[in-house]
Structures are given as structure tokens and as C-alpha cells.
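Student: File follows, my_file.csv with CSV, C-alpha atoms:
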chain,number,residue,atom,x,y,z
A,163,MET,CA,39.8,83.6,53.9
A,164,SER,CA,38.6,85.9,56.6
A,165,ASP,CA,37.2,82.9,58.5
A,166,THR,CA,40.8,81.4,58.6
A,167,MET,CA,42.2,84.8,59.6
A,168,ASP,CA,39.7,85.1,62.4
A,169,LYS,CA,40.6,81.7,63.7
A,170,LEU,CA,44.3,82.4,63.5
A,171,THR,CA,43.8,85.8,65.3
A,172,SER,CA,41.7,84.1,68.0
A,173,THR,CA,44.2,81.3,68.5
A,174,LEU,CA,47.1,83.8,68.8
A,175,GLY,CA,45.1,85.8,71.3
A,176,GLU,CA,44.4,82.7,73.4
A,177,LEU,CA,48.1,81.7,73.2
A,178,MET,CA,49.2,85.2,74.4
A,179,LYS,CA,46.6,85.1,77.2
A,180,ARG,CA,47.8,81.6,78.3
A,181,ALA,CA,51.5,82.7,78.1
A,182,LYS,CA,50.8,85.6,80.4
A,183,GLU,CA,49.0,83.3,82.9
A,184,VAL,CA,51.8,80.8,82.9
A,185,GLY,CA,54.5,83.5,83.2
A,186,GLY,CA,52.6,85.0,86.2
A,187,GLN,CA,52.3,81.6,87.8
A,188,THR,CA,55.9,80.9,87.3
A,189,LEU,CA,57.0,84.2,88.8
A,190,GLU,CA,54.8,83.6,91.8
A,191,ALA,CA,56.1,80.1,92.2
A,192,VAL,CA,59.8,81.1,91.9
A,193,ASP,CA,59.5,84.3,93.8
A,194,LYS,CA,57.6,83.1,96.9
A,195,ASN,CA,58.0,85.6,99.7
A,196,GLY,CA,60.0,87.9,97.4
A,197,ALA,CA,63.1,85.7,97.4
A,198,VAL,CA,64.2,86.4,93.8
A,199,ARG,CA,63.4,90.1,94.0
A,200,GLY,CA,65.2,90.3,97.4
A,201,ALA,CA,68.3,88.5,96.0
A,202,TYR,CA,68.3,90.8,93.0
A,203,GLN,CA,68.0,93.9,95.3
A,204,ARG,CA,70.8,92.6,97.6
A,205,GLY,CA,73.0,92.0,94.6
A,206,THR,CA,72.4,95.5,93.3
A,207,GLU,CA,73.2,97.0,96.7
A,208,ARG,CA,76.3,94.9,97.0
A,209,THR,CA,77.4,96.0,93.5
A,210,ARG,CA,76.9,99.7,94.5
A,211,ALA,CA,78.8,99.1,97.8
A,212,TYR,CA,81.8,97.6,95.8
A,213,ALA,CA,81.8,100.5,93.4
A,214,ARG,CA,81.8,102.9,96.3
A,215,ILE,CA,84.6,101.0,97.9
A,216,ALA,CA,86.6,101.2,94.7
A,217,ARG,CA,86.0,105.0,94.4
A,218,LEU,CA,86.9,105.5,98.1
A,219,THR,CA,90.1,103.4,97.8
A,220,LEU,CA,91.2,105.4,94.8
A,221,ALA,CA,90.5,108.7,96.6
A,222,GLY,CA,92.4,107.4,99.7
A,223,ASN,CA,95.4,106.5,97.5
A,224,ASN,CA,95.4,109.9,96.0
A,225,GLU,CA,95.2,111.5,99.4
A,226,ASN,CA,98.2,109.3,100.6
A,227,ASP,CA,100.2,110.4,97.5
A,228,GLU,CA,99.5,114.1,98.2
A,229,LEU,CA,100.4,113.6,101.9
A,230,LYS,CA,103.7,112.0,100.9
A,231,LYS,CA,104.5,114.9,98.7
A,232,ILE,CA,103.8,117.3,101.5
A,233,TYR,CA,106.0,115.4,103.9
A,234,THR,CA,108.8,115.3,101.3
A,235,GLU,CA,108.5,119.1,100.8
A,236,ILE,CA,108.6,119.6,104.6
A,237,GLY,CA,111.7,117.4,104.9
A,238,LYS,CA,113.4,119.2,102.0
A,239,LEU,CA,112.7,122.6,103.4
A,240,TYR,CA,113.9,121.6,106.9
A,241,PHE,CA,117.0,120.1,105.4
A,242,GLU,CA,117.8,123.2,103.5
A,243,GLN,CA,117.2,125.5,106.5
A,244,GLN,CA,119.1,123.3,109.0
A,245,GLN,CA,121.9,121.9,106.8
A,246,GLY,CA,124.8,123.2,108.8
A,247,THR,CA,123.3,122.8,112.2
A,248,ALA,CA,121.9,119.3,112.2
A,249,ASN,CA,121.9,117.7,115.6
A,250,GLY,CA,120.4,114.7,117.4
A,251,PHE,CA,119.0,112.0,115.2
A,252,PHE,CA,118.9,114.4,112.3
A,253,ALA,CA,122.7,114.5,112.0
A,254,PRO,CA,123.2,111.0,110.5
A,255,LEU,CA,120.2,111.5,108.2
A,256,PHE,CA,121.7,114.8,106.9
A,257,ALA,CA,125.0,113.1,106.4
A,258,GLN,CA,123.3,110.4,104.3
A,259,ALA,CA,121.4,113.0,102.3
A,260,LYS,CA,124.6,114.9,101.6
A,261,GLU,CA,126.4,111.7,100.5
A,262,ARG,CA,123.5,110.8,98.1
A,263,ALA,CA,123.5,114.3,96.6
A,264,GLU,CA,127.3,114.0,96.0
A,265,ASN,CA,126.7,110.6,94.4
A,266,ILE,CA,124.1,112.0,92.1
A,267,ARG,CA,126.4,114.9,91.0
A,268,ALA,CA,129.2,112.3,90.3
A,269,ILE,CA,126.8,110.2,88.2
A,270,GLU,CA,125.5,113.2,86.2
A,271,ALA,CA,129.1,114.3,85.6
A,272,GLU,CA,130.0,110.9,84.3
A,273,ILE,CA,127.0,110.8,82.0
A,274,ASP,CA,127.9,114.3,80.6
A,275,ALA,CA,131.5,113.1,80.0
A,276,LEU,CA,130.3,110.0,78.2
A,277,ARG,CA,127.9,112.0,76.0
A,278,GLU,CA,130.8,114.4,75.0
A,279,LYS,CA,133.0,111.4,74.2
A,280,ILE,CA,130.3,109.8,72.0
A,281,ALA,CA,129.8,113.1,70.2
A,282,GLU,CA,133.5,113.5,69.5
A,283,GLU,CA,133.9,109.8,68.3
A,284,SER,CA,130.8,109.9,66.1
A,285,GLY,CA,132.1,113.0,64.4
A,286,GLU,CA,129.1,115.1,65.0
A,287,LYS,CA,131.3,118.2,65.0
A,288,ASP,CA,132.9,117.2,61.7
A,289,ILE,CA,129.6,116.3,59.9
A,290,GLU,CA,129.1,119.9,58.7
A,291,VAL,CA,132.6,119.9,57.1
A,292,GLU,CA,131.8,116.6,55.4
A,293,ILE,CA,128.4,117.9,54.1
A,294,GLY,CA,130.1,121.1,52.8
A,295,ALA,CA,132.8,119.0,51.1
A,296,PHE,CA,130.1,116.8,49.5
A,297,ASP,CA,128.3,119.9,48.2
A,298,ASP,CA,131.5,121.2,46.7
A,299,ILE,CA,132.2,117.9,44.9
A,300,VAL,CA,128.6,117.8,43.5
A,301,SER,CA,128.9,121.4,42.3
A,302,ALA,CA,132.3,120.7,40.7
A,303,ASP,CA,130.9,117.6,38.9
A,304,GLU,CA,127.9,119.6,37.6
A,305,LYS,CA,130.2,122.3,36.3
A,306,ALA,CA,132.4,119.8,34.6
A,307,ALA,CA,129.4,118.1,33.0
A,308,LYS,CA,128.3,121.5,31.6
A,309,GLY,CA,131.8,122.3,30.5
A,310,GLU,CA,132.1,125.4,32.7
A,311,GLU,CA,135.5,124.7,34.3
Represent the supplied structure as C-alpha cells.
Tutor:
Amino acid sequence: MSDTMDKLTSTLGELMKRAKEVGGQTLEAVDKNGAVRGAYQRGTERTRAYARIARLTLAGNNENDELKKIYTEIGKLYFEQQQGTANGFFAPLFAQAKERAENIRAIEAEIDALREKIAEESGEKDIEVEIGAFDDIVSADEKAAKGEE
């Protein structure tokens, strides 16, 4: 048995040695002048560049959003300070802003009126009376069942 085991171990050793040689020859044949390694390295560098571009684009978008907020705040403050004295090309813009603000107030007032109407029609104000009446009826029925009337 040990003779068979020795032959098997020897054969496996030779196969492993031959596989390493073939693998090395294949790598040398495929990677002449570092073409495969170079392509891999260029691909890795390109992937890193794309990831950096994505991060920078996101950072740029965030900066643009913050800048828009700052410009909006500047405009709002200027509008509030100069509201009665707008002149030049600001005058029509101030008039448009005033009109929009009035439209917003009218819309909000209509929404409030509709909400009040819905509340009145659905009987939300009367629901407490109905619950109280229901409790009274249940109590009366319980007393009647016990013969307490």
C-alpha cells in the first residue's frame, strides 16, 4: 500500500510542478511586454478617476444648492429692506413678488375655508354629543337589564 501511496504522491507532485510551469509559460505568452498588467492597471486607474469624478460632481451639486440658498436669502433680505422703494429693474420684480404673495395668501385662505366646511359637514363638532348619547343609551340598557330603573 505504501508503494501505491508513494507513486500517487509522486504523480501529484509532478502534476503540480507541470501545472506551475504551464501557468508561468501562459502568463509570459499572454503578458508580453506587460500588456495584460498594463491594461489592468489602466482599468484600475480609470475606475478610480470615475469614482473621483462622481464624488466631485456630488460635491459640486451640493455647493450649487448652497449657493442658490444664499442667493435666495440675499434676495429675500433685499426685498424686505427695499420693499417700498424699489426702483429701476427691481420695480417690476417687486411687483411680481407682491402679486405672488397675495396669490399665496388667497390660496391659503381658500384651503382654510374648505377645511372648516368639511369639518362642519362631517359633524366633527357633533361627534362628542353622539358619543355621549350612545353612552347614555348603553347605561340605560344596562340598568334596565339589571332591573334598576
Student: Expressed in Å to a single decimal, how great is the separation between CA of Gln258 in chain A and CA of Gln244 in chain A?
Tutor: 14.4 Å
Student: To one decimal in Å, tell me the separation between CA of Ala216 in chain A and CA of Ile232 in chain A.
Tutor: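 Here the two named atoms are 24.5 Å from each other.
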Student: Just how far from CA of Leu220 in chain A is CA of Ile236 in chain A, in Å to one decimal?
Tutor: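 Answer for the CA of Ile236 in chain A to CA of Leu220 in chain A separation: 24.5 Å.
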Student: Mind checking which residues fall within 12 Å of Phe241 in chain A, counting only C-alpha atoms, ignoring those fewer than 2 positions away in the same chain, and posting them as a ChimeraX atom specification?
Tutor: /A:234-239,243-249,252-253,255-260
Student: Rebuild range 238-256 of chain A to N, CA and C atoms - output it as an mmCIF file, in the coordinates of the input, please.
Tutor:
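Result file follows (out23.cif):
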data_model
loop_
_atom_site.group_PDB
_atom_site.id
_atom_site.type_symbol
_atom_site.label_atom_id
_atom_site.label_comp_id
_atom_site.auth_asym_id
_atom_site.auth_seq_id
_atom_site.Cartn_x
_atom_site.Cartn_y
_atom_site.Cartn_z
ATOM 1 N N LYS A 238 112.439 118.458 102.871
ATOM 2 C CA LYS A 238 113.400 119.200 102.000
ATOM 3 C C LYS A 238 113.649 120.583 102.547
ATOM 4 N N LEU A 239 112.572 121.273 102.902
ATOM 5 C CA LEU A 239 112.700 122.600 103.400
ATOM 6 C C LEU A 239 113.496 122.624 104.749
ATOM 7 N N TYR A 240 113.193 121.679 105.616
ATOM 8 C CA TYR A 240 113.900 121.600 106.900
ATOM 9 C C TYR A 240 115.384 121.315 106.644
ATOM 10 N N PHE A 241 115.653 120.397 105.713
ATOM 11 C CA PHE A 241 117.000 120.100 105.400
ATOM 12 C C PHE A 241 117.789 121.308 104.899
ATOM 13 N N GLU A 242 117.166 122.048 104.004
ATOM 14 C CA GLU A 242 117.800 123.200 103.500
ATOM 15 C C GLU A 242 118.039 124.304 104.531
ATOM 16 N N GLN A 243 117.104 124.445 105.457
ATOM 17 C CA GLN A 243 117.200 125.500 106.500
ATOM 18 C C GLN A 243 118.236 125.056 107.592
ATOM 19 N N GLN A 244 118.320 123.776 107.892
ATOM 20 C CA GLN A 244 119.100 123.300 109.000
ATOM 21 C C GLN A 244 120.401 122.586 108.597
ATOM 22 N N GLN A 245 120.764 122.683 107.352
ATOM 23 C CA GLN A 245 121.900 121.900 106.800
ATOM 24 C C GLN A 245 123.139 121.953 107.623
ATOM 25 N N GLY A 246 123.559 123.112 108.055
ATOM 26 C CA GLY A 246 124.800 123.200 108.800
ATOM 27 C C GLY A 246 124.681 122.971 110.271
ATOM 28 N N THR A 247 123.454 122.916 110.779
ATOM 29 C CA THR A 247 123.300 122.800 112.200
ATOM 30 C C THR A 247 122.484 121.566 112.626
ATOM 31 N N ALA A 248 122.604 120.494 111.885
ATOM 32 C CA ALA A 248 121.900 119.300 112.200
ATOM 33 C C ALA A 248 122.382 118.707 113.527
ATOM 34 N N ASN A 249 121.457 118.320 114.387
ATOM 35 C CA ASN A 249 121.900 117.700 115.600
ATOM 36 C C ASN A 249 120.892 116.574 115.988
ATOM 37 N N GLY A 250 121.238 115.807 116.997
ATOM 38 C CA GLY A 250 120.400 114.700 117.400
ATOM 39 C C GLY A 250 120.305 113.628 116.349
ATOM 40 N N PHE A 251 119.133 113.051 116.216
ATOM 41 C CA PHE A 251 119.000 112.000 115.200
ATOM 42 C C PHE A 251 118.921 112.473 113.803
ATOM 43 N N PHE A 252 118.851 113.799 113.605
ATOM 44 C CA PHE A 252 118.900 114.400 112.300
ATOM 45 C C PHE A 252 120.293 114.338 111.667
ATOM 46 N N ALA A 253 121.320 114.416 112.499
ATOM 47 C CA ALA A 253 122.700 114.500 112.000
ATOM 48 C C ALA A 253 123.075 113.367 111.075
ATOM 49 N N PRO A 254 122.838 112.079 111.427
ATOM 50 C CA PRO A 254 123.200 111.000 110.500
ATOM 51 C C PRO A 254 122.335 111.033 109.218
ATOM 52 N N LEU A 255 121.082 111.438 109.351
ATOM 53 C CA LEU A 255 120.200 111.500 108.200
ATOM 54 C C LEU A 255 120.703 112.607 107.218
ATOM 55 N N PHE A 256 121.127 113.738 107.772
ATOM 56 C CA PHE A 256 121.700 114.800 106.900
ATOM 57 C C PHE A 256 122.937 114.365 106.255
#
